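S.K.: Structure: coords_31.txt, compact mmCIF, C-alpha atoms.
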# COMPACT_ATOMS: atom_id res chain seq x y z
CA MET C 1 83.54 116.61 115.46
CA ALA C 2 87.29 115.94 115.60
CA ASP C 3 88.74 112.85 117.25
CA LYS C 4 91.85 112.67 119.48
CA SER C 5 94.19 112.90 116.49
CA GLY C 6 92.58 116.18 115.44
CA LEU C 7 91.12 114.69 112.28
CA GLU C 8 87.50 114.94 111.37
CA LYS C 9 85.55 111.70 111.29
CA LEU C 10 84.62 110.46 107.85
CA ASP C 11 81.20 111.48 106.65
CA PHE C 12 80.31 108.73 104.23
CA GLY C 13 77.10 110.50 103.20
CA ALA C 14 78.84 113.75 102.26
CA LEU C 15 79.20 112.77 98.61
CA SER C 16 76.45 111.58 96.34
CA ILE C 17 76.90 108.31 94.44
CA ALA C 18 77.74 110.29 91.29
CA GLN C 19 80.32 112.37 93.17
CA GLN C 20 81.86 109.23 94.65
CA GLN C 21 82.13 107.72 91.17
CA LYS C 22 83.71 110.90 89.81
CA LEU C 23 86.17 110.99 92.70
CA ARG C 24 87.07 107.33 92.20
CA GLN C 25 87.65 107.92 88.47
CA PHE C 26 89.75 111.01 89.25
CA LYS C 27 91.92 108.95 91.61
CA ILE C 28 92.35 106.22 89.00
CA ASN C 29 93.26 108.74 86.29
CA THR C 30 95.70 110.49 88.62
CA ARG C 31 97.41 107.20 89.44
CA ILE C 32 97.63 106.28 85.75
CA ASN C 33 99.08 109.69 84.86
CA ASN C 34 101.60 109.46 87.70
CA GLU C 35 102.69 105.99 86.51
CA LYS C 36 103.08 107.26 82.94
CA TYR C 37 105.16 110.20 84.13
CA LEU C 38 107.45 107.98 86.21
CA ARG C 39 107.92 105.58 83.28
CA GLU C 40 108.76 108.47 80.96
CA HIS C 41 111.23 109.96 83.48
CA PRO C 42 113.51 107.24 84.87
CA GLU C 43 115.69 109.95 86.41
CA THR C 44 113.08 110.42 89.14
CA GLU C 45 113.65 106.89 90.46
CA VAL C 46 117.43 107.36 90.34
CA LEU C 47 117.16 110.75 92.07
CA ILE C 48 114.96 109.50 94.89
CA SER C 49 116.90 106.25 95.34
CA ASP C 50 120.22 108.07 95.46
CA PHE C 51 118.91 110.61 97.96
CA LEU C 52 117.48 107.94 100.25
CA ARG C 53 120.66 105.86 99.98
CA ASP C 54 122.72 108.86 101.06
CA VAL C 55 120.37 109.64 103.94
CA PHE C 56 120.51 106.06 105.25
CA LEU C 57 124.29 105.89 104.92
CA LYS C 58 125.10 109.33 106.34
CA ARG C 59 122.19 109.70 108.79
CA PRO C 60 122.29 113.51 108.87
CA THR C 61 121.23 115.26 112.06
CA ASP C 62 119.23 117.90 110.20
CA ILE C 63 117.43 116.08 107.40
CA ARG C 64 115.86 119.27 106.02
CA GLU C 65 119.21 121.00 105.68
CA TYR C 66 120.71 117.86 104.15
CA ALA C 67 117.85 117.59 101.65
CA ALA C 68 118.18 121.27 100.74
CA ASP C 69 121.90 120.83 100.13
CA TYR C 70 121.37 117.62 98.17
CA PHE C 71 118.69 118.98 95.85
CA THR C 72 120.43 122.33 95.26
CA ASN C 73 123.78 120.72 94.43
CA PRO C 74 124.84 122.39 91.16
CA ASN C 75 126.27 119.04 89.98
CA LEU C 76 123.13 117.03 90.73
CA CYS C 77 122.06 116.84 87.08
CA LEU C 78 125.47 115.45 86.10
CA ILE C 79 125.47 112.98 89.01
CA ILE C 80 122.03 111.61 88.16
CA GLY C 81 122.89 111.57 84.45
CA SER C 82 125.99 109.47 85.08
CA LYS C 83 123.97 107.05 87.22
CA LEU C 84 121.45 106.73 84.40
CA GLN C 85 124.38 105.84 82.15
CA GLY C 86 125.32 103.08 84.58
CA ASP C 87 128.11 104.57 86.71
CA PRO C 88 127.04 103.66 90.28
CA ALA C 89 130.41 104.79 91.72
CA ASP C 90 129.65 108.43 91.01
CA THR C 91 127.92 109.69 94.14
CA GLY C 92 129.13 113.28 93.98
CA THR C 93 127.55 113.96 97.37
CA ASP C 94 130.57 113.49 99.64
I'd like the structure from this file rewritten - as structure tokens, please.
M.R.:
Amino acid sequence: MADKSGLEKLDFGALSIAQQQKLRQFKINTRINNEKYLREHPETEVLISDFLRDVFLKRPTDIREYAADYFTNPNLCLIIGSKLQGDPADTGTD
């Protein structure tokens, strides 16, 4: 039965021990793969950091519209590339 938040209560007996172990290993492998991906793609950290920096500085009224504009900027690849090269002055999102 659902609680006040609308979420189902946890059923700790729903998975067998083997299923729990498989799920735990899946979570570990997923986390490892995500870490590898992020290490292989430093542009993701720059992209997210730059976006959040802009949001905190500009405090847009409509965050969804702002995000859509930010991530569809035709110059975004160049902006992130220049930041990866070490040019923090290039925001390109004015």
S.K.: My list of candidates is C:Leu47, C:Thr61, C:Thr30, C:Ala67. Which is closest to C:Ser82 when distances are computed with all atoms listed in the file?
M.R.: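 With all atoms listed in the file as the atom set, the closest residue is C:Leu47.
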S.K.: As an exercise, work out the distance from atom CA of C:Leu38 to atom CA of C:Pro60 in Å and give it to one decimal place.
M.R.: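 Computing the Euclidean distance for atom CA of C:Leu38 and atom CA of C:Pro60 yields 27.6 Å.
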S.K.: Just the number, please: distance in Å from atom CA of C:Asn33 to atom CA of C:Glu45, one decimal.
M.R.: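 Computed distance, atom CA of C:Asn33 to atom CA of C:Glu45, equals 15.9 Å.
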S.K.: One number please: atom CA of C:Arg24 to atom CA of C:Glu40, in Å, one decimal.
M.R.: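 Result for atom CA of C:Arg24 versus atom CA of C:Glu40: 24.5 Å, one decimal.
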S.K.: Using all atoms listed in the file, which of C:Glu43, C:Arg59, C:Tyr70, C:Ala14 sits nearest C:Lys83?
M.R.: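 For C:Lys83, the nearest of the given residues is C:Glu43.
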S.K.: Go through C:Glu65, C:Asp50, C:Glu35, C:Glu8 and flag the residue nearest C:Ile79, using all atoms listed in the file for the distances.
M.R.: C:Asp50
